[in-house]
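**Student:** Data file entry29.tsv (TSV, C-alpha atoms) is appended below.
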chain	number	residue	atom	x	y	z
C	1	MET	CA	-124.74	-60.63	55.51
C	2	THR	CA	-127.85	-60.00	53.42
C	3	SER	CA	-127.56	-58.15	50.11
C	4	VAL	CA	-130.29	-55.59	49.36
C	5	LEU	CA	-131.05	-53.84	46.05
C	6	ILE	CA	-133.00	-50.56	46.14
C	7	LEU	CA	-134.54	-49.30	42.88
C	8	VAL	CA	-135.53	-45.61	42.61
C	9	GLU	CA	-136.39	-43.79	39.39
C	10	ASN	CA	-137.54	-40.22	40.09
C	11	LEU	CA	-134.46	-38.93	41.97
C	12	PRO	CA	-130.82	-39.95	42.31
C	13	VAL	CA	-129.18	-40.87	45.58
C	14	PRO	CA	-127.94	-39.43	47.80
C	15	LEU	CA	-130.24	-36.55	46.76
C	16	ASP	CA	-133.36	-38.60	47.55
C	17	ARG	CA	-133.24	-38.21	51.32
C	18	ARG	CA	-135.77	-40.95	52.19
C	19	VAL	CA	-133.98	-43.55	50.08
C	20	TRP	CA	-130.57	-42.47	51.34
C	21	GLN	CA	-131.64	-42.67	54.98
C	22	GLU	CA	-133.16	-46.12	54.37
C	23	ALA	CA	-129.98	-47.28	52.63
C	24	ARG	CA	-127.80	-46.04	55.50
C	25	ALA	CA	-130.06	-47.66	58.10
C	26	LEU	CA	-129.91	-51.00	56.28
C	27	ARG	CA	-126.14	-50.66	55.97
C	28	ASP	CA	-125.89	-49.93	59.69
C	29	ALA	CA	-127.83	-53.16	60.32
C	30	GLY	CA	-124.88	-55.06	58.82
C	31	ASN	CA	-126.03	-55.57	55.24
C	32	GLU	CA	-124.66	-54.93	51.79
C	33	VAL	CA	-126.76	-52.22	50.15
C	34	VAL	CA	-126.91	-51.51	46.41
C	35	VAL	CA	-128.93	-48.70	44.82
C	36	ILE	CA	-129.95	-48.25	41.17
C	37	CYS	CA	-131.09	-44.73	40.32
C	38	PRO	CA	-131.03	-42.22	37.42
C	39	ARG	CA	-128.21	-39.91	36.36
C	40	MET	CA	-129.62	-36.44	36.95
C	41	ARG	CA	-129.49	-33.24	39.02
C	42	GLY	CA	-125.71	-33.16	39.29
C	43	PHE	CA	-125.19	-36.87	40.00
C	44	HIS	CA	-123.86	-38.36	36.78
C	45	GLN	CA	-121.24	-40.94	37.79
C	46	PRO	CA	-122.28	-44.37	36.41
C	47	TYR	CA	-120.95	-46.08	39.56
C	48	GLU	CA	-120.02	-44.75	42.97
C	49	LEU	CA	-119.22	-46.32	46.34
C	50	LEU	CA	-120.42	-43.74	48.87
C	51	ASP	CA	-120.45	-44.34	52.62
C	52	GLY	CA	-120.14	-48.07	51.94
C	53	ILE	CA	-123.21	-48.13	49.65
C	54	HIS	CA	-122.92	-49.22	46.01
C	55	ILE	CA	-124.67	-46.76	43.68
C	56	TYR	CA	-125.30	-47.62	40.01
C	57	ARG	CA	-126.79	-44.85	37.86
C	58	HIS	CA	-128.50	-45.14	34.48
C	59	TRP	CA	-129.30	-42.63	31.74
C	60	ILE	CA	-132.85	-41.31	31.32
C	61	SER	CA	-134.22	-39.31	28.41
C	62	GLU	CA	-135.51	-36.36	30.48
C	63	GLU	CA	-137.20	-35.24	33.68
C	64	ALA	CA	-140.70	-35.01	32.29
C	65	GLY	CA	-143.70	-32.83	33.04
C	66	GLN	CA	-146.22	-33.98	30.41
C	67	VAL	CA	-147.71	-37.37	29.44
C	68	THR	CA	-145.56	-37.94	26.35
C	69	GLY	CA	-142.47	-36.92	28.28
C	70	PHE	CA	-143.32	-39.34	31.09
C	71	LEU	CA	-143.64	-42.18	28.57
C	72	ARG	CA	-140.17	-41.40	27.18
C	73	GLU	CA	-138.69	-40.98	30.64
C	74	TYR	CA	-140.11	-44.22	32.02
C	75	ALA	CA	-139.23	-46.26	28.92
C	76	SER	CA	-135.60	-45.12	29.02
C	77	ALA	CA	-135.47	-45.64	32.79
C	78	LEU	CA	-136.83	-49.19	32.60
C	79	LEU	CA	-134.25	-50.16	30.00
C	80	GLY	CA	-131.46	-48.75	32.14
C	81	GLU	CA	-132.78	-50.38	35.31
C	82	MET	CA	-133.15	-53.79	33.66
C	83	ARG	CA	-129.58	-53.65	32.35
C	84	LEU	CA	-128.15	-52.58	35.70
C	85	ALA	CA	-130.31	-55.03	37.69
C	86	TRP	CA	-128.75	-57.92	35.78
C	87	ARG	CA	-125.28	-56.53	36.46
C	88	VAL	CA	-126.12	-56.13	40.15
C	89	TRP	CA	-127.55	-59.63	40.30
C	90	ARG	CA	-124.37	-61.14	38.88
C	91	ARG	CA	-122.16	-59.15	41.26
C	92	HIS	CA	-124.19	-58.98	44.50
C	93	ARG	CA	-127.03	-61.57	44.41
C	94	PRO	CA	-129.54	-59.48	46.39
C	95	ALA	CA	-132.02	-61.40	48.53
C	96	VAL	CA	-134.39	-58.41	48.68
C	97	ILE	CA	-135.37	-55.96	45.94
C	98	HIS	CA	-136.81	-52.72	47.33
C	99	LEU	CA	-138.98	-50.78	44.84
C	100	CYS	CA	-139.42	-47.03	45.40
C	101	ASN	CA	-142.22	-45.45	43.37
C	102	PRO	CA	-143.07	-43.44	41.31
C	103	PRO	CA	-143.60	-44.92	38.79
C	104	ASP	CA	-145.41	-48.16	39.57
C	105	LEU	CA	-143.54	-49.96	36.79
C	106	LEU	CA	-140.50	-51.15	38.72
C	107	PHE	CA	-142.14	-54.51	39.36
C	108	LEU	CA	-141.24	-55.30	35.73
C	109	VAL	CA	-137.57	-55.08	36.70
C	110	ALA	CA	-137.92	-57.14	39.89
C	111	LEU	CA	-140.38	-59.83	38.83
C	112	PRO	CA	-137.92	-62.11	36.98
C	113	TYR	CA	-135.68	-62.31	40.05
C	114	LYS	CA	-138.66	-63.16	42.26
C	115	VAL	CA	-139.91	-65.89	39.92
C	116	LEU	CA	-136.55	-67.39	38.95
C	117	PHE	CA	-134.43	-66.87	42.06
C	118	GLY	CA	-136.86	-66.31	44.94
C	119	ALA	CA	-135.92	-62.71	45.69
C	120	ARG	CA	-138.31	-60.99	48.08
C	121	ILE	CA	-139.96	-57.76	46.95
C	122	ILE	CA	-140.60	-54.73	49.15
C	123	TYR	CA	-142.81	-51.99	47.71
C	124	ASP	CA	-141.97	-48.57	49.18
C	125	VAL	CA	-144.95	-46.33	48.42
C	126	HIS	CA	-143.57	-42.79	48.22
C	127	ASP	CA	-146.58	-41.52	46.24
C	128	LEU	CA	-150.06	-42.73	45.36
C	129	VAL	CA	-149.45	-42.63	41.61
C	130	PRO	CA	-153.09	-42.79	40.42
C	131	GLU	CA	-153.96	-39.80	42.61
C	132	MET	CA	-150.82	-38.02	41.44
C	133	PHE	CA	-151.75	-38.69	37.79
C	134	GLU	CA	-155.25	-37.32	38.32
C	135	ALA	CA	-153.91	-34.22	40.11
C	136	LYS	CA	-151.45	-33.54	37.28
C	137	PHE	CA	-153.72	-34.21	34.32
C	138	GLY	CA	-157.25	-33.90	35.73
C	139	SER	CA	-158.82	-36.91	34.03
C	140	ARG	CA	-159.68	-40.59	34.46
C	141	GLY	CA	-159.19	-41.74	30.89
C	142	PRO	CA	-157.44	-44.89	29.63
C	143	LEU	CA	-154.02	-43.78	30.90
C	144	TYR	CA	-155.38	-43.32	34.42
C	145	TRP	CA	-156.70	-46.88	34.45
C	146	ALA	CA	-153.39	-48.12	33.06
C	147	VAL	CA	-151.72	-46.45	36.02
C	148	ARG	CA	-154.19	-48.16	38.37
C	149	LEU	CA	-153.37	-51.51	36.77
C	150	ALA	CA	-149.64	-50.93	37.22
C	151	GLU	CA	-150.22	-50.12	40.89
C	152	ARG	CA	-152.30	-53.28	41.35
C	153	LEU	CA	-149.63	-55.45	39.73
C	154	THR	CA	-146.97	-53.90	41.95
C	155	TYR	CA	-148.98	-54.73	45.06
C	156	MET	CA	-149.45	-58.29	43.78
C	157	THR	CA	-145.71	-58.66	43.25
C	158	ALA	CA	-144.75	-57.26	46.66
C	159	ASP	CA	-144.24	-59.42	49.75
C	160	VAL	CA	-144.12	-56.41	52.08
C	161	VAL	CA	-145.28	-52.78	51.70
C	162	LEU	CA	-143.74	-49.67	53.27
C	163	ALA	CA	-146.16	-46.75	53.69
C	164	THR	CA	-145.15	-43.16	54.39
C	165	ASN	CA	-148.17	-42.53	56.65
C	166	GLY	CA	-151.46	-43.95	57.88
C	167	SER	CA	-153.43	-42.85	54.81
C	168	VAL	CA	-151.08	-44.69	52.48
C	169	ALA	CA	-151.12	-47.74	54.76
C	170	GLY	CA	-154.92	-47.77	54.51
C	171	ILE	CA	-154.77	-47.63	50.71
C	172	ALA	CA	-152.29	-50.53	50.69
C	173	GLN	CA	-154.72	-52.67	52.69
C	174	GLU	CA	-157.89	-51.63	50.88
C	175	ARG	CA	-156.95	-50.99	47.25
C	176	GLY	CA	-153.75	-53.05	47.38
C	177	ARG	CA	-155.46	-55.93	49.23
C	178	LYS	CA	-152.44	-56.44	51.48
C	179	ARG	CA	-152.76	-58.00	54.93
C	180	PRO	CA	-152.12	-55.56	57.80
C	181	SER	CA	-149.23	-57.78	58.93
C	182	SER	CA	-147.40	-57.07	55.66
C	183	VAL	CA	-147.81	-53.26	55.73
C	184	PHE	CA	-145.36	-51.15	57.75
C	185	GLU	CA	-145.50	-47.41	58.34
C	186	VAL	CA	-142.06	-45.91	57.67
C	187	ARG	CA	-142.38	-42.14	57.80
C	188	THR	CA	-140.03	-39.84	55.92
C	189	ALA	CA	-138.70	-38.17	59.05
C	190	PRO	CA	-135.58	-36.00	58.79
C	191	ALA	CA	-132.40	-37.33	60.37
C	192	ILE	CA	-131.04	-33.85	61.07
C	193	SER	CA	-129.40	-32.30	64.09
C	194	SER	CA	-130.22	-28.60	64.18
C	195	ALA	CA	-128.33	-27.80	67.37
C	196	ASP	CA	-125.11	-26.49	65.81
C	197	VAL	CA	-126.63	-24.53	62.91
C	198	ALA	CA	-126.38	-20.73	63.11
C	199	GLU	CA	-128.62	-18.11	61.50
C	200	ASP	CA	-127.49	-15.95	58.59
C	201	PRO	CA	-129.07	-12.47	58.80
C	202	ALA	CA	-127.89	-11.69	55.25
C	203	LEU	CA	-130.63	-13.99	53.89
C	204	ARG	CA	-133.21	-11.40	54.98
C	205	LYS	CA	-131.79	-8.85	52.52
C	206	GLY	CA	-132.24	-6.16	55.15
C	207	ARG	CA	-135.91	-6.93	55.74
C	208	ARG	CA	-137.62	-7.67	59.02
C	209	PHE	CA	-139.11	-11.09	58.15
C	210	LEU	CA	-138.01	-14.13	56.13
C	211	VAL	CA	-140.44	-16.71	54.73
C	212	GLY	CA	-138.89	-19.95	53.47
C	213	TYR	CA	-139.82	-22.79	51.15
C	214	VAL	CA	-137.82	-25.92	50.40
C	215	GLY	CA	-138.98	-28.58	47.97
C	216	VAL	CA	-139.48	-29.95	44.52
C	217	MET	CA	-140.96	-27.62	41.91
C	218	GLY	CA	-143.34	-29.75	39.87
C	219	SER	CA	-146.86	-29.23	38.62
C	220	VAL	CA	-148.50	-30.52	41.84
C	221	ASP	CA	-146.26	-28.76	44.38
C	222	GLY	CA	-148.06	-25.41	44.41
C	223	VAL	CA	-145.04	-23.11	44.24
C	224	ASP	CA	-147.04	-20.94	41.84
C	225	PHE	CA	-149.48	-20.33	44.72
C	226	LEU	CA	-146.58	-19.22	46.91
C	227	ILE	CA	-145.28	-16.77	44.30
C	228	ASP	CA	-148.78	-15.36	43.86
C	229	ALA	CA	-149.05	-15.13	47.65
C	230	ALA	CA	-145.78	-13.19	47.72
C	231	ALA	CA	-147.21	-10.80	45.13
C	232	HIS	CA	-150.28	-10.35	47.33
C	233	VAL	CA	-148.11	-9.66	50.40
C	234	VAL	CA	-145.84	-7.19	48.61
C	235	HIS	CA	-148.14	-5.47	46.11
C	236	GLU	CA	-151.66	-5.78	47.55
C	237	ARG	CA	-150.85	-5.58	51.26
C	238	GLY	CA	-147.96	-3.20	50.73
C	239	ARG	CA	-145.53	-5.14	52.91
C	240	ARG	CA	-141.98	-4.16	52.05
C	241	ASP	CA	-140.56	-5.86	55.14
C	242	VAL	CA	-141.01	-9.51	54.05
C	243	GLN	CA	-138.37	-11.45	52.09
C	244	PHE	CA	-139.09	-14.85	50.49
C	245	LEU	CA	-136.48	-17.59	49.99
C	246	ILE	CA	-137.72	-20.40	47.70
C	247	MET	CA	-135.20	-23.27	47.52
C	248	GLY	CA	-135.28	-26.27	45.22
C	249	THR	CA	-135.69	-27.12	41.59
C	250	GLY	CA	-137.74	-29.32	39.28
C	251	PRO	CA	-139.54	-29.39	35.93
C	252	GLU	CA	-141.49	-26.17	36.67
C	253	TYR	CA	-138.52	-24.14	37.91
C	254	PRO	CA	-138.00	-22.03	34.73
C	255	LYS	CA	-141.72	-21.20	34.55
C	256	LEU	CA	-141.76	-20.22	38.22
C	257	VAL	CA	-138.77	-17.91	37.84
C	258	ALA	CA	-140.54	-16.30	34.87
C	259	GLN	CA	-143.71	-15.93	36.98
C	260	ARG	CA	-141.71	-14.20	39.74
C	261	ASP	CA	-140.12	-11.82	37.25
C	262	ARG	CA	-143.42	-11.08	35.51
C	263	LEU	CA	-144.90	-10.07	38.87
C	264	GLY	CA	-141.99	-7.76	39.63
C	265	LEU	CA	-140.79	-9.72	42.66
C	266	GLN	CA	-137.08	-10.06	41.84
C	267	ASP	CA	-136.10	-7.96	44.88
C	268	TYR	CA	-138.41	-9.84	47.26
C	269	VAL	CA	-138.19	-13.50	46.16
C	270	ASP	CA	-134.85	-15.32	45.97
C	271	MET	CA	-134.89	-18.60	44.00
C	272	PRO	CA	-131.37	-20.09	44.19
C	273	GLY	CA	-132.34	-23.53	42.81
C	274	ARG	CA	-130.83	-26.64	44.38
C	275	VAL	CA	-128.72	-25.71	47.39
C	276	SER	CA	-126.11	-27.45	49.52
C	277	ASP	CA	-126.88	-29.01	52.87
C	278	ALA	CA	-125.02	-26.22	54.63
C	279	PHE	CA	-127.04	-23.50	52.88
C	280	LEU	CA	-130.31	-25.35	53.45
C	281	PHE	CA	-129.79	-25.90	57.16
C	282	THR	CA	-128.68	-22.30	57.66
C	283	ALA	CA	-131.77	-21.09	55.78
C	284	LEU	CA	-134.08	-23.27	57.86
C	285	ARG	CA	-132.51	-21.86	61.01
C	286	SER	CA	-132.89	-18.28	59.68
C	287	ILE	CA	-136.51	-18.22	58.48
C	288	ASP	CA	-139.37	-16.93	60.60
C	289	VAL	CA	-142.10	-18.99	58.91
C	290	GLY	CA	-142.07	-21.99	56.57
C	291	ALA	CA	-144.44	-22.30	53.61
C	292	ALA	CA	-146.03	-25.62	52.62
C	293	CYS	CA	-148.01	-24.57	49.57
C	294	ASP	CA	-149.04	-27.97	48.16
C	295	PRO	CA	-152.65	-27.39	47.08
C	296	ILE	CA	-155.66	-29.27	48.38
C	297	ASN	CA	-156.47	-32.29	46.20
C	298	SER	CA	-156.98	-36.04	46.57
C	299	TYR	CA	-153.30	-36.74	45.93
C	300	ASN	CA	-151.80	-34.26	48.38
C	301	HIS	CA	-154.26	-35.29	51.10
C	302	HIS	CA	-152.38	-38.61	51.29
C	303	CYS	CA	-148.85	-37.15	51.24
C	304	THR	CA	-146.53	-36.46	54.14
C	305	MET	CA	-144.46	-33.58	52.80
C	306	ASN	CA	-140.79	-33.62	53.78
C	307	LYS	CA	-140.75	-29.85	54.12
C	308	VAL	CA	-143.41	-29.96	56.84
C	309	LEU	CA	-141.20	-32.06	59.09
C	310	GLU	CA	-138.06	-30.13	58.16
C	311	TYR	CA	-139.58	-26.87	59.36
C	312	MET	CA	-140.60	-28.63	62.57
C	313	VAL	CA	-137.09	-29.99	63.21
C	314	PHE	CA	-135.81	-26.41	63.23
C	315	GLY	CA	-138.66	-25.21	65.44
C	316	LYS	CA	-140.29	-23.09	62.75
C	317	PRO	CA	-144.05	-22.51	62.48
C	318	GLN	CA	-145.60	-22.85	59.07
C	319	VAL	CA	-148.55	-21.99	56.89
C	320	MET	CA	-150.03	-24.77	54.75
C	321	PHE	CA	-153.12	-25.57	52.80
C	322	ASP	CA	-155.40	-27.77	54.90
C	323	LEU	CA	-154.31	-31.27	53.90
C	324	ARG	CA	-155.26	-34.36	55.88
C	325	GLU	CA	-151.76	-35.78	56.32
C	326	GLY	CA	-150.22	-32.33	56.65
C	327	ARG	CA	-152.49	-31.66	59.62
C	328	ALA	CA	-151.75	-35.11	61.05
C	329	SER	CA	-148.02	-34.35	60.99
C	330	ALA	CA	-147.91	-30.70	62.07
C	331	GLN	CA	-150.99	-30.53	64.32
C	332	GLY	CA	-150.56	-27.32	66.33
C	333	ALA	CA	-147.35	-26.27	64.57
C	334	ALA	CA	-149.14	-24.80	61.52
C	335	ILE	CA	-151.85	-22.43	60.37
C	336	TYR	CA	-154.18	-24.17	57.90
C	337	VAL	CA	-155.61	-22.37	54.85
C	338	ALA	CA	-158.99	-23.82	53.89
C	339	ARG	CA	-159.07	-22.83	50.19
C	340	ASN	CA	-156.57	-23.02	47.33
C	341	ARG	CA	-156.26	-19.23	47.22
C	342	ALA	CA	-152.99	-17.34	47.10
C	343	ASP	CA	-154.44	-14.27	48.81
C	344	ASP	CA	-155.67	-16.35	51.75
C	345	PHE	CA	-152.25	-17.96	51.99
C	346	GLY	CA	-150.54	-14.56	51.92
C	347	ASP	CA	-152.87	-13.12	54.57
C	348	SER	CA	-152.13	-16.11	56.82
C	349	LEU	CA	-148.41	-15.55	56.41
C	350	ILE	CA	-148.79	-11.91	57.47
C	351	ALA	CA	-150.96	-12.82	60.46
C	352	LEU	CA	-148.38	-15.32	61.70
C	353	LEU	CA	-145.43	-13.01	61.10
C	354	GLU	CA	-147.15	-10.33	63.18
C	355	ASP	CA	-147.67	-12.67	66.15
C	356	PRO	CA	-144.27	-13.59	67.66
C	357	ASP	CA	-145.74	-15.34	70.69
C	358	THR	CA	-147.79	-17.69	68.51
C	359	ARG	CA	-144.78	-18.32	66.29
C	360	ALA	CA	-142.68	-19.27	69.30
C	361	ARG	CA	-145.35	-21.59	70.74
C	362	MET	CA	-145.97	-23.32	67.41
C	363	GLY	CA	-142.25	-23.74	66.81
C	364	ARG	CA	-141.73	-25.38	70.20
C	365	GLU	CA	-144.68	-27.70	69.65
C	366	GLY	CA	-143.41	-28.78	66.24
C	367	ALA	CA	-139.87	-29.47	67.45
C	368	GLU	CA	-141.14	-31.48	70.40
C	369	ARG	CA	-143.48	-33.49	68.19
C	370	VAL	CA	-140.59	-34.49	65.92
C	371	ARG	CA	-138.46	-35.49	68.90
C	372	SER	CA	-141.16	-37.50	70.67
C	373	GLU	CA	-143.35	-38.98	67.93
C	374	LEU	CA	-142.10	-38.46	64.39
C	375	GLY	CA	-138.34	-39.02	64.66
C	376	TRP	CA	-136.43	-41.14	62.15
C	377	GLU	CA	-135.32	-43.62	64.82
C	378	ARG	CA	-138.88	-44.92	65.13
C	379	SER	CA	-139.10	-45.35	61.35
C	380	VAL	CA	-135.80	-47.26	61.33
C	381	ARG	CA	-137.30	-49.82	63.71
C	382	GLN	CA	-140.29	-50.25	61.38
C	383	LEU	CA	-138.02	-50.52	58.34
C	384	LEU	CA	-135.95	-53.31	59.89
C	385	LEU	CA	-139.06	-55.12	61.08
C	386	ALA	CA	-140.42	-55.00	57.52
C	387	TYR	CA	-137.23	-56.57	56.20
C	388	GLU	CA	-137.28	-59.23	58.89
C	389	THR	CA	-140.85	-60.08	57.91
C	390	ALA	CA	-139.91	-60.42	54.24
C	391	LEU	CA	-136.79	-62.50	54.92
C	392	ARG	CA	-138.47	-64.77	57.44
C	393	ARG	CA	-140.04	-66.63	54.52
C	394	THR	CA	-136.73	-67.31	52.75
C	395	GLY	CA	-133.28	-68.75	53.34
C	396	PRO	CA	-131.19	-65.70	54.38
C	397	ALA	CA	-130.93	-64.85	58.05
C	398	PRO	CA	-133.03	-61.93	59.26
C	399	LEU	CA	-131.40	-58.53	59.45
C	400	LYS	CA	-129.74	-57.95	62.79
C	401	ARG	CA	-131.16	-54.93	64.54
C	402	PRO	CA	-128.40	-52.61	65.80
C	403	GLU	CA	-128.63	-51.02	69.23
C	404	ALA	CA	-128.29	-47.56	67.67
C	405	ALA	CA	-128.45	-47.09	63.93
C	406	ARG	CA	-126.21	-44.31	62.63
C	407	THR	CA	-128.71	-42.10	60.81
C	408	GLU	CA	-127.05	-38.72	60.94
C	409	PRO	CA	-126.12	-37.12	57.59
C	410	GLY	CA	-122.71	-38.28	56.41
C	411	ALA	CA	-119.88	-36.93	54.35
C	412	GLY	CA	-120.83	-36.32	50.78
C	413	GLU	CA	-124.54	-36.60	51.48
C	414	ARG	CA	-126.94	-34.35	49.64
C	415	TYR	CA	-130.34	-33.36	50.92
C	416	ASP	CA	-133.62	-33.98	49.12
C	417	PRO	CA	-135.39	-30.61	49.15
C	418	ASN	CA	-139.00	-31.76	49.25
How would this structure read if it were set down as structure tokens?
**Tutor:**
Amino acid sequence: MTSVLILVENLPVPLDRRVWQEARALRDAGNEVVVICPRMRGFHQPYELLDGIHIYRHWISEEAGQVTGFLREYASALLGEMRLAWRVWRRHRPAVIHLCNPPDLLFLVALPYKVLFGARIIYDVHDLVPEMFEAKFGSRGPLYWAVRLAERLTYMTADVVLATNGSVAGIAQERGRKRPSSVFEVRTAPAISSADVAEDPALRKGRRFLVGYVGVMGSVDGVDFLIDAAAHVVHERGRRDVQFLIMGTGPEYPKLVAQRDRLGLQDYVDMPGRVSDAFLFTALRSIDVGAACDPINSYNHHCTMNKVLEYMVFGKPQVMFDLREGRASAQGAAIYVARNRADDFGDSLIALLEDPDTRARMGREGAERVRSELGWERSVRQLLLAYETALRRTGPAPLKRPEAARTEPGAGERYDPN
């Protein structure tokens, strides 16, 4: 049995759905899996054994939104991760250390174990951090180039890279200078069965249509565009028959609630914060249209948004800003808005709501695309192949590949609303 350590800083598990699905797939392949993550968002136990996976959680100073806050957050996180990594090493002796960004600083935790003990390093690129930094702060000053350096050092440390999509895989080969044979595309596809989920008409609040959003609420996620679009739909277009359900939380959540209230949308926009799996799945079954409001920029062009695939799993059409990887995922299951304008987004929502035949066709196309091309089972095969490639160069036996990995959500699992 191979022992694997997964390091993740920006979300706890099991809330981080990608990391949790990877951990469960590696466990199902017959391996001991250990995760180090922060204490936050309702997950505060220092240690937990959940579904056979060891979870160690460390304290962080805050969930930051500005540069100084990020520095405090990452400094406190690194100290906690270094302390717990040593504890994990003494107890579990992991042969592989799996780094999940952001930030691109986790190589500092893993490097001593690579140099001293021969541990293999897998770099799981959730986000292109330099592009994310530029999108958040709009500059290429000294801190931007420090972020680029950290990314470069992480690529140098890594033996194998996991990319969420083709754009990220291309960056890993070009900017990261990794050989194609060491880069594996592991998409963040939902492992959800929607068959037994029923609608809840009460979520419509008596209105004809329901528009849904699920995701993180940070400075680059564009939820402010969606709230402005709702104001356009309700106030400018005079539509009193559309209800909005915006699920999730994050650093911008209080500001977004204040924006909704300032625009007089309390009766039309529900913002329940983080929700349970049961509520989320019911909501996804109940909505007429999903909203993917991440704005057009160089960072978001490279991102595969979880919400895009989640809407598709439930056969729901969606409106999104025209992002390269968003279009690559959804193809004909979405309407694409060419400009970062809330009124254009709102008008597209109305047009789709008023066309039930198009909604039905787009929903079917999205659901079929997830089943045939974007399902999690395909990503599991790539994940295990990546681990086999890393371990082939060391002493431990390669991971055995199970006939059917158990990837359905399990008891106690939370869902990452992004």
**Student:** Please provide the set of residues having any atom within 7 Å of C:Glu81, restricted to all atoms listed in the file, with same-chain residues fewer than 2 positions apart removed, written as a ChimeraX atom specification.
**Tutor:** /C:36,58,77-79,83-85,109
**Student:** My list of candidates is C:Val220, C:Ile121, C:Leu349, C:Val313. Which is closest to C:Pro94 when distances are computed with all atoms listed in the file?
**Tutor:** C:Ile121
**Student:** So, counting all atoms listed in the file, which residue among C:Asp104, C:Asp196, C:Glu48, C:Glu377 is closest to C:Tyr74?
**Tutor:**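 Closest to C:Tyr74 of all the choices is C:Asp104.
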**Student:** Interatomic distance between atom CA of C:Ile60 and atom CA of C:Asn10?
**Tutor:**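 Taking atom CA of C:Ile60 and atom CA of C:Asn10, their separation equals 10.0 Å.
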**Student:** If I take atom CA of C:Arg378 and atom CA of C:Thr188, how far is one from the other in Å, to one decimal?
**Tutor:**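 Separation of atom CA of C:Arg378 and atom CA of C:Thr188: 10.6 Å.
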**Student:** Hey, could you make a per-residue contact list for stretch 119-182 of chain C against stretch 282-304 of chain C with 12 Å as the cut-off, showing the nearest pair of atoms and its distance in Å to one decimal, counting all atoms listed in the file, sorted by chain and number, as a Markdown table?
**Tutor:**
| residue | atom | partner | partner_atom | distance |
| --- | --- | --- | --- | --- |
| C:Val125 | CA | C:Cys303 | CA | 10.4 |
| C:His126 | CA | C:Cys303 | CA | 8.3 |
| C:Asp127 | CA | C:Cys303 | CA | 7.0 |
| C:Leu128 | CA | C:Tyr299 | CA | 6.8 |
| C:Val129 | CA | C:Tyr299 | CA | 8.3 |
| C:Pro130 | CA | C:Tyr299 | CA | 8.2 |
| C:Glu131 | CA | C:Tyr299 | CA | 4.6 |
| C:Met132 | CA | C:Tyr299 | CA | 5.3 |
| C:Phe133 | CA | C:Tyr299 | CA | 8.5 |
| C:Glu134 | CA | C:Tyr299 | CA | 7.9 |
| C:Ala135 | CA | C:Tyr299 | CA | 6.4 |
| C:Lys136 | CA | C:Tyr299 | CA | 9.4 |
| C:Phe137 | CA | C:Tyr299 | CA | 11.9 |
| C:Gly138 | CA | C:Asn297 | CA | 10.6 |
| C:Ala163 | CA | C:Cys303 | CA | 10.3 |
| C:Thr164 | CA | C:Thr304 | CA | 6.8 |
| C:Asn165 | CA | C:Thr304 | CA | 6.8 |
| C:Gly166 | CA | C:His302 | CA | 8.5 |
| C:Ser167 | CA | C:His302 | CA | 5.6 |
| C:Val168 | CA | C:His302 | CA | 6.3 |
| C:Ala169 | CA | C:His302 | CA | 9.8 |
| C:Gly170 | CA | C:His302 | CA | 10.0 |
| C:Ile171 | CA | C:His302 | CA | 9.3 |
| C:Ala172 | CA | C:His302 | CA | 11.9 |
**Student:** For the contact check between stretch 306-341 of chain C and stretch 226-245 of chain C, emit one row per residue of stretch 306-341 of chain C within 12 Å, containing the shortest atom pair and the distance in Å rounded to one decimal, counting only C-alpha atoms, chain then rising number order, as JSON lines.
**Tutor:**
{"residue": "C:Val319", "atom": "CA", "partner": "C:Leu226", "partner_atom": "CA", "distance": 10.5}
{"residue": "C:Met320", "atom": "CA", "partner": "C:Leu226", "partner_atom": "CA", "distance": 10.2}
{"residue": "C:Phe321", "atom": "CA", "partner": "C:Leu226", "partner_atom": "CA", "distance": 10.9}
{"residue": "C:Asn340", "atom": "CA", "partner": "C:Leu226", "partner_atom": "CA", "distance": 10.7}
{"residue": "C:Arg341", "atom": "CA", "partner": "C:Ala229", "partner_atom": "CA", "distance": 8.3}
**Student:** What does the structure give for the distance between atom CA of C:His54 and atom CA of C:Thr154, in Å to one decimal?
**Tutor:**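 Interatomic distance here is 24.8 Å.
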**Student:** Stretch 367-371 of chain C: which residues within 10 Å, counting all atoms listed in the file, same-chain residues fewer than 5 positions away excluded, as a ChimeraX atom specification?
**Tutor:** /C:189-190,309-317,329-333,362,376-377
**Student:** Just want the 7 Å neighbourhood of C:Tyr47, counted on only C-alpha atoms, with same-chain residues fewer than 5 positions away dropped. Output as a count of residues only.
**Tutor:** 3
**Student:** Check the smallest atom-to-atom distance from each of C:Val223, C:Leu116, C:Leu11, C:Val4 to C:Val35 using all atoms listed in the file, then report the winner.
**Tutor:** C:Val4
**Student:** Given only C-alpha atoms as the basis, pick out the residue of C:Leu153, C:Leu323, C:Ala258, C:Ala351 nearest to C:Arg339.
**Tutor:**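 Ranked by minimum distance to C:Arg339, first place goes to C:Leu323.
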**Student:** Set the distance at 10 Å and use only C-alpha atoms: which residues neighbour C:Lys114 once local chain neighbours fewer than 6 positions away are removed? I'd like the list as a list in words.
**Tutor:**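 Residues meeting the cut-off are Ala95, Val96, Ile97, Phe107, Arg120, Ile121, Thr157 and Ala158 of chain C.
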**Student:** Is it possible to get the axis-aligned box enclosing stretch 329-345 of chain C (all listed atoms, 5 Å extra per side) as JSON, with centre and edge lengths in Å rounded to one decimal?
**Tutor:**
{"center_x": -153.2, "center_y": -24.3, "center_z": 56.7, "size_x": 21.7, "size_y": 30.1, "size_z": 29.2}
